[in-house]
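The structure file input_2.cif is reproduced below (mmCIF, C-alpha atoms).
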```cif
data_target
loop_
_atom_site.label_atom_id
_atom_site.label_comp_id
_atom_site.auth_asym_id
_atom_site.auth_seq_id
_atom_site.Cartn_x
_atom_site.Cartn_y
_atom_site.Cartn_z
CA MET A 27 -27.13 -1.04 33.74
CA LYS A 28 -25.04 -3.74 32.09
CA PRO A 29 -25.82 -4.31 28.41
CA LYS A 30 -27.13 -7.70 27.38
CA MET A 31 -26.16 -7.33 23.73
CA ILE A 32 -23.04 -5.74 22.24
CA LEU A 33 -23.12 -4.68 18.60
CA PHE A 34 -19.82 -4.28 16.75
CA ASP A 35 -19.07 -2.45 13.56
CA LEU A 36 -16.53 -4.25 11.35
CA ASP A 37 -14.60 -2.01 8.95
CA GLY A 38 -12.33 0.32 10.89
CA THR A 39 -13.49 -1.20 14.18
CA LEU A 40 -12.74 -4.92 14.41
CA LEU A 41 -10.87 -4.76 11.09
CA PRO A 42 -8.39 -1.88 11.02
CA MET A 43 -8.41 0.00 7.74
CA ASP A 44 -8.00 3.30 6.00
CA GLN A 45 -11.27 3.42 4.11
CA ASP A 46 -9.80 5.19 1.09
CA VAL A 47 -6.99 2.62 0.77
CA PHE A 48 -9.44 -0.27 1.09
CA VAL A 49 -11.86 1.16 -1.48
CA LYS A 50 -9.04 1.73 -3.98
CA ALA A 51 -7.80 -1.86 -3.56
CA TYR A 52 -11.34 -3.27 -3.76
CA PHE A 53 -12.26 -1.41 -6.93
CA GLY A 54 -8.90 -2.23 -8.52
CA ALA A 55 -9.39 -5.94 -7.85
CA ILE A 56 -12.99 -6.19 -9.04
CA ALA A 57 -12.27 -4.11 -12.15
CA LYS A 58 -9.35 -6.40 -13.04
CA LYS A 59 -11.52 -9.48 -12.55
CA LEU A 60 -14.41 -8.25 -14.68
CA ALA A 61 -12.55 -6.44 -17.45
CA PRO A 62 -12.34 -9.66 -19.53
CA ARG A 63 -16.15 -9.87 -19.30
CA GLY A 64 -16.38 -6.51 -21.09
CA TYR A 65 -16.81 -4.22 -18.07
CA GLU A 66 -14.89 -1.01 -18.70
CA PRO A 67 -13.19 -0.24 -15.36
CA GLN A 68 -14.19 3.40 -14.90
CA LYS A 69 -17.85 2.75 -15.79
CA LEU A 70 -17.90 -0.32 -13.54
CA VAL A 71 -16.58 1.61 -10.56
CA GLN A 72 -19.02 4.46 -11.12
CA SER A 73 -21.88 1.97 -11.46
CA ILE A 74 -20.97 0.18 -8.22
CA TRP A 75 -20.96 3.57 -6.47
CA ILE A 76 -24.40 4.34 -7.89
CA GLY A 77 -25.67 0.94 -6.73
CA THR A 78 -24.18 1.52 -3.30
CA LYS A 79 -25.95 4.86 -3.01
CA ALA A 80 -29.19 3.12 -3.92
CA MET A 81 -28.69 0.76 -0.98
CA ILE A 82 -27.91 3.64 1.39
CA LYS A 83 -31.11 5.40 0.27
CA ASN A 84 -33.18 2.20 0.42
CA ASP A 85 -36.62 2.92 1.88
CA GLY A 86 -37.10 -0.60 3.22
CA SER A 87 -39.39 -1.75 0.41
CA LYS A 88 -36.81 -4.29 -0.78
CA LYS A 89 -33.62 -5.94 0.44
CA ASN A 90 -30.38 -4.07 -0.24
CA GLU A 91 -29.34 -6.82 -2.64
CA GLN A 92 -32.33 -6.12 -4.85
CA ALA A 93 -31.84 -2.36 -4.55
CA PHE A 94 -28.27 -2.76 -5.80
CA TRP A 95 -29.00 -5.10 -8.71
CA ASP A 96 -32.12 -3.21 -9.82
CA THR A 97 -29.95 -0.11 -10.07
CA PHE A 98 -27.09 -1.96 -11.73
CA ALA A 99 -29.47 -3.49 -14.28
CA GLY A 100 -30.79 -0.01 -14.99
CA ILE A 101 -27.29 0.91 -16.15
CA TYR A 102 -26.18 -2.26 -17.95
CA GLY A 103 -29.52 -3.78 -18.94
CA GLU A 104 -31.46 -6.70 -17.51
CA GLN A 105 -29.03 -9.21 -19.04
CA VAL A 106 -26.50 -8.18 -16.38
CA ARG A 107 -28.39 -10.36 -13.91
CA ASP A 108 -27.04 -13.37 -15.80
CA GLU A 109 -23.55 -12.05 -15.01
CA ILE A 110 -24.04 -12.04 -11.22
CA VAL A 111 -22.26 -15.40 -11.13
CA TYR A 112 -19.04 -13.65 -12.21
CA PHE A 113 -19.36 -11.06 -9.46
CA ASP A 114 -19.89 -13.89 -6.97
CA GLU A 115 -16.82 -15.61 -8.42
CA PHE A 116 -14.78 -12.50 -7.67
CA TYR A 117 -15.63 -12.71 -3.97
CA VAL A 118 -14.83 -16.42 -3.88
CA GLN A 119 -11.58 -16.31 -5.85
CA ASN A 120 -10.15 -12.78 -5.71
CA PHE A 121 -11.54 -10.78 -2.78
CA ASP A 122 -8.86 -12.10 -0.42
CA ASP A 123 -6.32 -10.14 -2.50
CA VAL A 124 -7.83 -6.99 -0.96
CA GLN A 125 -6.86 -8.11 2.55
CA ALA A 126 -3.41 -6.56 2.12
CA SER A 127 -5.07 -3.11 2.16
CA CYS A 128 -6.31 -3.72 5.71
CA GLY A 129 -4.53 -3.95 9.03
CA PHE A 130 -4.86 -6.48 11.83
CA ASN A 131 -5.30 -5.93 15.55
CA VAL A 132 -5.01 -9.04 17.70
CA GLU A 133 -6.93 -7.20 20.43
CA ALA A 134 -10.08 -7.17 18.29
CA ALA A 135 -10.68 -10.92 18.32
CA LYS A 136 -9.43 -11.21 21.90
CA THR A 137 -11.96 -8.59 23.00
CA VAL A 138 -14.86 -10.20 21.14
CA ARG A 139 -14.13 -13.60 22.63
CA ALA A 140 -13.57 -12.22 26.13
CA LEU A 141 -16.98 -10.53 26.01
CA LYS A 142 -18.62 -13.66 24.64
CA GLU A 143 -17.07 -15.77 27.40
CA ALA A 144 -18.33 -13.22 29.92
CA GLY A 145 -21.86 -13.98 28.79
CA TYR A 146 -22.66 -11.06 26.50
CA ARG A 147 -24.69 -11.63 23.35
CA LEU A 148 -22.84 -10.34 20.28
CA ALA A 149 -23.89 -9.15 16.84
CA LEU A 150 -21.99 -7.66 13.92
CA ALA A 151 -23.63 -4.43 12.80
CA THR A 152 -21.55 -3.74 9.70
CA ASN A 153 -23.04 -1.53 7.02
CA PRO A 154 -24.89 -4.07 4.82
CA ILE A 155 -23.60 -3.05 1.40
CA PHE A 156 -21.64 -6.28 0.77
CA PRO A 157 -22.81 -9.85 0.10
CA SER A 158 -22.47 -12.33 2.94
CA ILE A 159 -19.37 -14.01 1.47
CA ALA A 160 -17.50 -10.68 1.49
CA THR A 161 -18.57 -9.97 5.06
CA GLU A 162 -17.56 -13.44 6.23
CA LYS A 163 -14.15 -13.03 4.61
CA ARG A 164 -13.61 -9.63 6.24
CA MET A 165 -14.47 -11.23 9.59
CA ARG A 166 -11.77 -13.82 8.98
CA TRP A 167 -9.28 -11.10 8.07
CA ALA A 168 -9.97 -9.71 11.56
CA GLY A 169 -9.31 -13.13 13.16
CA LEU A 170 -13.01 -13.80 13.70
CA ASP A 171 -15.69 -16.13 12.38
CA LYS A 172 -19.41 -15.86 11.73
CA SER A 173 -19.99 -18.23 14.64
CA ASP A 174 -18.75 -15.47 16.97
CA PHE A 175 -21.97 -13.52 16.35
CA GLU A 176 -25.69 -14.22 16.63
CA LEU A 177 -26.32 -12.01 13.62
CA TYR A 178 -24.25 -10.23 11.01
CA THR A 179 -25.79 -7.83 8.52
CA THR A 180 -25.29 -8.23 4.77
CA TYR A 181 -26.99 -6.90 1.68
CA GLU A 182 -29.01 -10.12 1.46
CA ASN A 183 -30.64 -9.84 4.92
CA SER A 184 -30.97 -6.06 5.33
CA ARG A 185 -33.27 -3.43 3.88
CA TYR A 186 -31.67 -0.27 5.25
CA CYS A 187 -28.13 1.04 5.72
CA LYS A 188 -26.30 3.19 8.23
CA PRO A 189 -26.90 5.87 9.35
CA ASN A 190 -30.64 5.16 8.96
CA LEU A 191 -31.97 4.38 12.43
CA LYS A 192 -34.36 1.87 10.85
CA TYR A 193 -31.30 -0.28 10.09
CA TYR A 194 -30.61 -0.53 13.81
CA GLU A 195 -34.29 -1.00 14.64
CA ASP A 196 -34.40 -4.01 12.32
CA ILE A 197 -31.43 -5.51 14.18
CA LEU A 198 -33.18 -5.01 17.51
CA THR A 199 -36.29 -6.71 16.15
CA ALA A 200 -34.31 -9.64 14.72
CA LEU A 201 -32.50 -10.15 18.03
CA ASP A 202 -35.60 -9.51 20.17
CA VAL A 203 -33.75 -7.02 22.35
CA LYS A 204 -34.42 -3.46 23.49
CA ALA A 205 -32.15 -0.55 22.56
CA GLU A 206 -31.48 0.29 26.22
CA ASP A 207 -30.10 -3.23 26.71
CA CYS A 208 -27.49 -2.79 23.96
CA LEU A 209 -24.07 -1.24 23.48
CA MET A 210 -22.90 -0.19 20.00
CA VAL A 211 -19.13 -0.21 19.36
CA GLY A 212 -17.94 1.56 16.24
CA ASN A 213 -15.34 3.92 14.78
CA ASP A 214 -17.64 6.22 12.79
CA VAL A 215 -19.17 9.09 14.75
CA GLY A 216 -21.89 9.74 12.18
CA GLU A 217 -22.87 6.18 11.35
CA ASP A 218 -22.38 4.37 14.67
CA MET A 219 -22.89 6.87 17.49
CA ILE A 220 -26.27 7.87 16.03
CA VAL A 221 -27.84 4.91 17.89
CA GLU A 222 -27.86 7.07 21.03
CA LYS A 223 -31.07 8.50 19.56
CA LEU A 224 -32.68 5.09 20.13
CA GLY A 225 -31.52 4.98 23.73
CA MET A 226 -28.60 2.65 23.05
CA LYS A 227 -25.28 2.97 24.85
CA VAL A 228 -22.24 3.65 22.66
CA PHE A 229 -18.48 3.30 22.66
CA LEU A 230 -16.36 5.03 20.01
CA LEU A 231 -13.28 3.03 19.03
CA THR A 232 -10.70 5.62 18.00
CA ASP A 233 -7.99 3.47 16.38
CA CYS A 234 -9.37 4.20 12.87
CA LEU A 235 -11.60 7.13 13.76
CA ILE A 236 -14.01 8.63 11.22
CA ASN A 237 -15.40 11.97 12.35
CA ARG A 238 -16.57 13.79 9.24
CA GLU A 239 -18.29 16.59 11.15
CA ASN A 240 -15.45 17.05 13.66
CA LYS A 241 -17.72 16.46 16.63
CA ASP A 242 -16.41 16.74 20.18
CA LEU A 243 -15.30 13.22 21.10
CA SER A 244 -15.72 13.92 24.79
CA ALA A 245 -19.45 13.47 24.17
CA TYR A 246 -18.85 9.71 23.84
CA PRO A 247 -17.05 7.05 25.85
CA HIS A 248 -14.07 6.37 23.60
CA GLY A 249 -10.63 4.84 23.26
CA SER A 250 -8.96 1.51 22.45
CA PHE A 251 -10.09 -2.10 22.93
CA VAL A 252 -8.50 -2.04 26.38
CA ASP A 253 -10.59 1.03 27.19
CA LEU A 254 -13.67 -0.71 25.81
CA LEU A 255 -13.28 -3.66 28.18
CA ALA A 256 -12.80 -1.28 31.11
CA PHE A 257 -15.91 0.65 30.04
CA VAL A 258 -18.05 -2.49 29.81
CA GLU A 259 -16.78 -3.60 33.22
CA SER A 260 -17.74 -0.22 34.67
CA LEU A 261 -21.36 -0.47 33.55
#
```

Let me see the structure of the file written as structure tokens.
Amino acid sequence: MKPKMILFDLDGTLLPMDQDVFVKAYFGAIAKKLAPRGYEPQKLVQSIWIGTKAMIKNDGSKKNEQAFWDTFAGIYGEQVRDEIVYFDEFYVQNFDDVQASCGFNVEAAKTVRALKEAGYRLALATNPIFPSIATEKRMRWAGLDKSDFELYTTYENSRYCKPNLKYYEDILTALDVKAEDCLMVGNDVGEDMIVEKLGMKVFLLTDCLINRENKDLSAYPHGSFVDLLAFVESL
């Protein structure tokens, strides 16, 4: 059965990247920006990691944004909430410096637009650990725009993270679509292919493959963007 909705991961899928290289560039840039505000770089990086883990473990009782800043305030004190403006300023003024750590694949945007023109509904199911401005900028780095998708997940609009199946269930609810009518495209075996448990079809993009448990890839339809289009056509 043809899918009605296609969900795309972003980092390592539509936006080529080595995750370790990206994370190093990201932390280097934000630490440089905030050092003049009195944030010691090593403590800042560790604290962001702790806040990120709080979002990943979020039980759905609050949005990921609140989970992050509640945790961050637990480290730096409640007054840190007055400093959020400087973190926001980083994403506006300095986050584009991190783009150089990522690649670019012209086939990504071409594929998204070809599928959209073919009548498929599209959503961006990127792990919602970043604010919307950072997600929108990473879309642009990939040659895309927020208008290409009906929904894109951010830490402001999400209350779970991958690989929690409730993250995907919330997307299905927001889009008013059934799992069996969707196809998930991602590069991370553990975080993206898990949606098979909900009855969703999957396609593993292998250009920037993440396979932490060394699972047998033959268990999933997989390959490049060209292979993805052929797979969708075959359904």

- Measuring atom to atom with all atoms listed in the file, identify which of A:Gln92, A:Asn84, A:Ser158, A:Thr39 is nearest to Asp114 in chain A. A:Ser158

- d(CA of Asp46 in chain A, CA of Asn90 in chain A) in Å: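 We find that CA of Asp46 in chain A and CA of Asn90 in chain A lie 22.6 Å from each other.
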
- Work out how far apart CA of Ala168 in chain A and CA of Asp37 in chain A are and give it in Å to one decimal.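 Those two atoms sit 9.4 Å apart.
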
- Query: Which residue gives the smallest distance to Phe229 in chain A among A:Glu133, A:Asp242, A:Asp253, A:Glu206, with all atoms listed in the file counted?
  - Reply: A:Asp253

- Identify all residues satisfying the PyMOL selection byres ((chain A and resi 217) around 10) in the given file; provide them as a ChimeraX atom specification. /A:35,153,187-191,212-216,218-221,236-237

- Task: Please write as a PyMOL selection string the full residue list that the PyMOL selection byres ((chain A and resi 81) around 12) yields on this file.
- Result: chain A and resi 74-80+82-98+153-156+180-182+184-190+193

- Within 12 Å of (-10.0, -1.0, 20.7), in the coordinates the file gives, what residues turn up when you count only C-alpha atoms, written out as JSON, numbers by chain? {"A": [34, 35, 36, 38, 39, 40, 41, 42, 130, 131, 132, 133, 134, 135, 136, 137, 138, 211, 212, 213, 229, 230, 231, 232, 233, 234, 235, 247, 248, 249, 250, 251, 252, 253, 254, 255, 256, 257]}

- Task: Would you translate the PyMOL selection byres ((chain A and resi 115-121) around 7) into the concrete set of residues it matches in this file, as a list in words?
- Result: Ile56, Lys59, Val111, Tyr112, Phe113, Asp114, Asp122, Asp123, Val124, Ile159 and Ala160 of chain A

Dump as a compact mmCIF listing (two decimals), keeping the file's coordinate frame, selection limited to C-alpha atoms:
```
# COMPACT_ATOMS: atom_id res chain seq x y z
CA ILE A 56 -12.99 -6.19 -9.04
CA LYS A 59 -11.52 -9.48 -12.55
CA VAL A 111 -22.26 -15.40 -11.13
CA TYR A 112 -19.04 -13.65 -12.21
CA PHE A 113 -19.36 -11.06 -9.46
CA ASP A 114 -19.89 -13.89 -6.97
CA ASP A 122 -8.86 -12.10 -0.42
CA ASP A 123 -6.32 -10.14 -2.50
CA VAL A 124 -7.83 -6.99 -0.96
CA ILE A 159 -19.37 -14.01 1.47
CA ALA A 160 -17.50 -10.68 1.49
```

- Contacts of Asp174 in chain A at 10 Å or less, counting only C-alpha atoms, minus same-chain residues fewer than 3 places along, as a list in words?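 Residues near the query, excluding close chain neighbours: Ala135, Val138, Arg139, Lys142, Arg147, Leu148, Ala149, Leu150, Met165, Leu170, Asp171, Leu177 and Tyr178 of chain A.
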
- Tell me, in Å to one decimal, how far CA of Leu243 in chain A is from CA of Asp207 in chain A. 22.8 Å

- For each of A:Lys241, A:Lys223, A:Lys163, A:Lys172, take the minimum atom-to-atom distance to Lys192 in chain A, counting only C-alpha atoms, then give the residue where this is smallest. A:Lys223

- Message: Nearest residue to Glu176 in chain A out of A:Tyr102, A:Tyr194, A:Tyr246, A:Tyr146, using only C-alpha atoms?
- Response: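 The closest residue to Glu176 in chain A is A:Tyr146.
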
Calculate, to one decimal in Å, the centre and edge lengths of the box along x, y and z of the file that holds all listed atoms of range 178-192 of chain A with 5 Å of margin on each side, and present them as JSON.
```
{"center_x": -29.3, "center_y": -2.2, "center_z": 6.9, "size_x": 20.1, "size_y": 26.1, "size_z": 21.0}
```

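Nearest-residue note for Tyr52 in chain A: choosing from A:Ile110, A:Ala126, A:Ala99, A:Cys208, the minimum distance belongs to A:Ala126, counting only C-alpha atoms.
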
- Item | Point (-21.2, -1.9, 28.9) neighbourhood (7 Å, all atoms listed in the file) written as a count of residues only | 8

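You can rank A:Ile101, A:Ala55, A:Val71, A:Gln125 by their closest distance to Gly169 in chain A using only C-alpha atoms, and at the top of that list sits A:Gln125.
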